[in-house]
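Report on the structure given below.
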Amino acid sequence: MRELRILCEKCGGSGWVRDTNGVLDVCDNCWGLGYVETAGETRQENQLRATMSRNSIISILAGMGIYYAIVFFITRNLRLNFLYTFLLIFFGYYAGILANSIYLHFHERHLRSEKHSRSS
């Protein structure tokens with residue numbers, strides 16, 4: 001398994017911090033790299049969080065894409081006024097949020113059932 005790189009909280013990813021005199025110095029947490037490599041027991045949790053974040057973004061984009069494809073095919077021959085067109089475009093965002101909520105719900109159920117089967 002490869003280690004994950006997490007943005008350094010002390011320097012905000014720049015690799016530089018100011019000391020008490022206001023002089024710019026190399027961050028002593030990440031040693032100027034701007035990130036900290038995770039190791040040990042939290043590596044699996046961090047990988048799970050990164051995978052879940054990536055899949056959340058994919059589910060939002062997929063939900064919005066499916067919604068806009070359906071809207072395009074339904075409305076390509078209809079003449080809609082500005083308000084209806086705006087509302088159809090605006091609700092695409094909520095279609096993405098709904099898809100993400102569905103993904104997170106099923107992901108959470110999967111994690112619970114996985115923990116339950118391990119403890120049995």
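A note on labels: chains of the structure tokens are A, B, ... as shown, every chain counts residues from 1, and ligands are counted from 1 in their shown order.
Taking the backbone of this structure through DSSP, the residues of chain A that come out as strand (DSSP E) are Arg5, Ile6, Leu7, Trp16, Val17, Arg18, Leu24, Asp25, Val26, Tyr35, Val36 and Glu37 of chain A.
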Could you find all residues in chain A that DSSP calls helix (DSSP H, G or I) from the backbone, and write them as an MDAnalysis selection string? chainID A and resid 42:75 82:119
So that I have them on file, write out the residues from the current selection with C-alpha atoms, as a PDB file, in the first residue's frame.
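The result, written out as again_26.pdb:
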```
ATOM      1  CA  THR A  42      -4.465   5.743  10.055  1.00  0.00           C
ATOM      2  CA  ARG A  43      -3.259   4.949   6.532  1.00  0.00           C
ATOM      3  CA  GLN A  44      -6.242   2.700   5.784  1.00  0.00           C
ATOM      4  CA  GLU A  45      -8.680   5.277   7.163  1.00  0.00           C
ATOM      5  CA  ASN A  46      -7.079   8.016   5.068  1.00  0.00           C
ATOM      6  CA  GLN A  47      -7.239   5.876   1.943  1.00  0.00           C
ATOM      7  CA  LEU A  48     -10.899   5.134   2.651  1.00  0.00           C
ATOM      8  CA  ARG A  49     -11.590   8.860   3.094  1.00  0.00           C
ATOM      9  CA  ALA A  50      -9.778   9.715  -0.158  1.00  0.00           C
ATOM     10  CA  THR A  51     -11.648   6.996  -2.052  1.00  0.00           C
ATOM     11  CA  MET A  52     -14.946   8.133  -0.591  1.00  0.00           C
ATOM     12  CA  SER A  53     -14.235  11.762  -1.556  1.00  0.00           C
ATOM     13  CA  ARG A  54     -13.327  10.758  -5.100  1.00  0.00           C
ATOM     14  CA  ASN A  55     -16.433   8.603  -5.438  1.00  0.00           C
ATOM     15  CA  SER A  56     -18.595  11.402  -4.025  1.00  0.00           C
ATOM     16  CA  ILE A  57     -17.366  13.767  -6.724  1.00  0.00           C
ATOM     17  CA  ILE A  58     -17.943  11.114  -9.378  1.00  0.00           C
ATOM     18  CA  SER A  59     -21.485  10.487  -8.101  1.00  0.00           C
ATOM     19  CA  ILE A  60     -22.283  14.222  -8.175  1.00  0.00           C
ATOM     20  CA  LEU A  61     -20.992  14.558 -11.737  1.00  0.00           C
ATOM     21  CA  ALA A  62     -22.788  11.398 -12.857  1.00  0.00           C
ATOM     22  CA  GLY A  63     -26.075  12.551 -11.309  1.00  0.00           C
ATOM     23  CA  MET A  64     -25.804  15.962 -12.934  1.00  0.00           C
ATOM     24  CA  GLY A  65     -24.781  14.461 -16.266  1.00  0.00           C
ATOM     25  CA  ILE A  66     -27.707  12.052 -16.320  1.00  0.00           C
ATOM     26  CA  TYR A  67     -30.106  14.830 -15.323  1.00  0.00           C
ATOM     27  CA  TYR A  68     -28.857  17.223 -18.008  1.00  0.00           C
ATOM     28  CA  ALA A  69     -28.910  14.491 -20.668  1.00  0.00           C
ATOM     29  CA  ILE A  70     -32.541  13.724 -19.826  1.00  0.00           C
ATOM     30  CA  VAL A  71     -33.432  17.430 -19.795  1.00  0.00           C
ATOM     31  CA  PHE A  72     -31.707  17.936 -23.148  1.00  0.00           C
ATOM     32  CA  PHE A  73     -33.551  15.063 -24.826  1.00  0.00           C
ATOM     33  CA  ILE A  74     -36.919  16.048 -23.363  1.00  0.00           C
ATOM     34  CA  THR A  75     -36.688  19.770 -24.098  1.00  0.00           C
ATOM     35  CA  PHE A  82     -36.518  31.912 -19.643  1.00  0.00           C
ATOM     36  CA  LEU A  83     -37.916  30.991 -16.210  1.00  0.00           C
ATOM     37  CA  TYR A  84     -38.532  27.321 -17.072  1.00  0.00           C
ATOM     38  CA  THR A  85     -35.130  27.029 -18.737  1.00  0.00           C
ATOM     39  CA  PHE A  86     -33.432  28.567 -15.691  1.00  0.00           C
ATOM     40  CA  LEU A  87     -35.271  26.239 -13.316  1.00  0.00           C
ATOM     41  CA  LEU A  88     -34.335  23.155 -15.329  1.00  0.00           C
ATOM     42  CA  ILE A  89     -30.686  24.188 -15.352  1.00  0.00           C
ATOM     43  CA  PHE A  90     -30.772  25.157 -11.668  1.00  0.00           C
ATOM     44  CA  PHE A  91     -32.229  21.822 -10.537  1.00  0.00           C
ATOM     45  CA  GLY A  92     -29.308  19.948 -12.127  1.00  0.00           C
ATOM     46  CA  TYR A  93     -27.270  20.915  -9.096  1.00  0.00           C
ATOM     47  CA  TYR A  94     -29.828  19.266  -6.833  1.00  0.00           C
ATOM     48  CA  ALA A  95     -29.814  16.164  -9.019  1.00  0.00           C
ATOM     49  CA  GLY A  96     -26.079  15.895  -8.351  1.00  0.00           C
ATOM     50  CA  ILE A  97     -26.556  16.414  -4.625  1.00  0.00           C
ATOM     51  CA  LEU A  98     -29.285  13.753  -4.608  1.00  0.00           C
ATOM     52  CA  ALA A  99     -26.994  11.293  -6.427  1.00  0.00           C
ATOM     53  CA  ASN A 100     -24.244  11.990  -3.883  1.00  0.00           C
ATOM     54  CA  SER A 101     -26.656  11.458  -0.976  1.00  0.00           C
ATOM     55  CA  ILE A 102     -27.707   8.118  -2.436  1.00  0.00           C
ATOM     56  CA  TYR A 103     -24.058   7.093  -2.851  1.00  0.00           C
ATOM     57  CA  LEU A 104     -23.184   8.105   0.720  1.00  0.00           C
ATOM     58  CA  HIS A 105     -26.232   6.289   2.102  1.00  0.00           C
ATOM     59  CA  PHE A 106     -25.334   3.008   0.391  1.00  0.00           C
ATOM     60  CA  HIS A 107     -21.639   3.430   1.210  1.00  0.00           C
ATOM     61  CA  GLU A 108     -22.499   3.911   4.888  1.00  0.00           C
ATOM     62  CA  ARG A 109     -24.747   0.823   4.840  1.00  0.00           C
ATOM     63  CA  HIS A 110     -21.930  -1.180   3.249  1.00  0.00           C
ATOM     64  CA  LEU A 111     -19.477  -0.057   5.936  1.00  0.00           C
ATOM     65  CA  ARG A 112     -21.914  -0.949   8.727  1.00  0.00           C
ATOM     66  CA  SER A 113     -22.568  -4.407   7.294  1.00  0.00           C
ATOM     67  CA  GLU A 114     -18.808  -4.918   6.844  1.00  0.00           C
ATOM     68  CA  LYS A 115     -18.129  -3.996  10.491  1.00  0.00           C
ATOM     69  CA  HIS A 116     -20.981  -6.241  11.614  1.00  0.00           C
ATOM     70  CA  SER A 117     -19.635  -9.232   9.671  1.00  0.00           C
ATOM     71  CA  ARG A 118     -16.123  -8.689  11.099  1.00  0.00           C
ATOM     72  CA  SER A 119     -17.351  -8.622  14.681  1.00  0.00           C
TER      73      SER A 119
END
```
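Of note, atom CA of Val36 of chain A and atom CA of Ile6 of chain A are spaced 5.3 Å apart.
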Do you have the atom CA of Tyr35 of chain A-atom CA of Gly15 of chain A distance handy?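 Interatomic distance, atom CA of Tyr35 of chain A to atom CA of Gly15 of chain A: 7.8 Å.
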Between atom CA of Arg5 of chain A and atom CA of Leu24 of chain A, what is the distance, to one decimal in Å?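 Taking atom CA of Arg5 of chain A as the start and atom CA of Leu24 of chain A as the end point, the length is 23.6 Å.
Using only C-alpha atoms, the residues found no farther than 7 Å from Val26 of chain A, other than those of its own chain fewer than 6 positions away, are Gly15, Trp16, Val17 and Gly32 of chain A.
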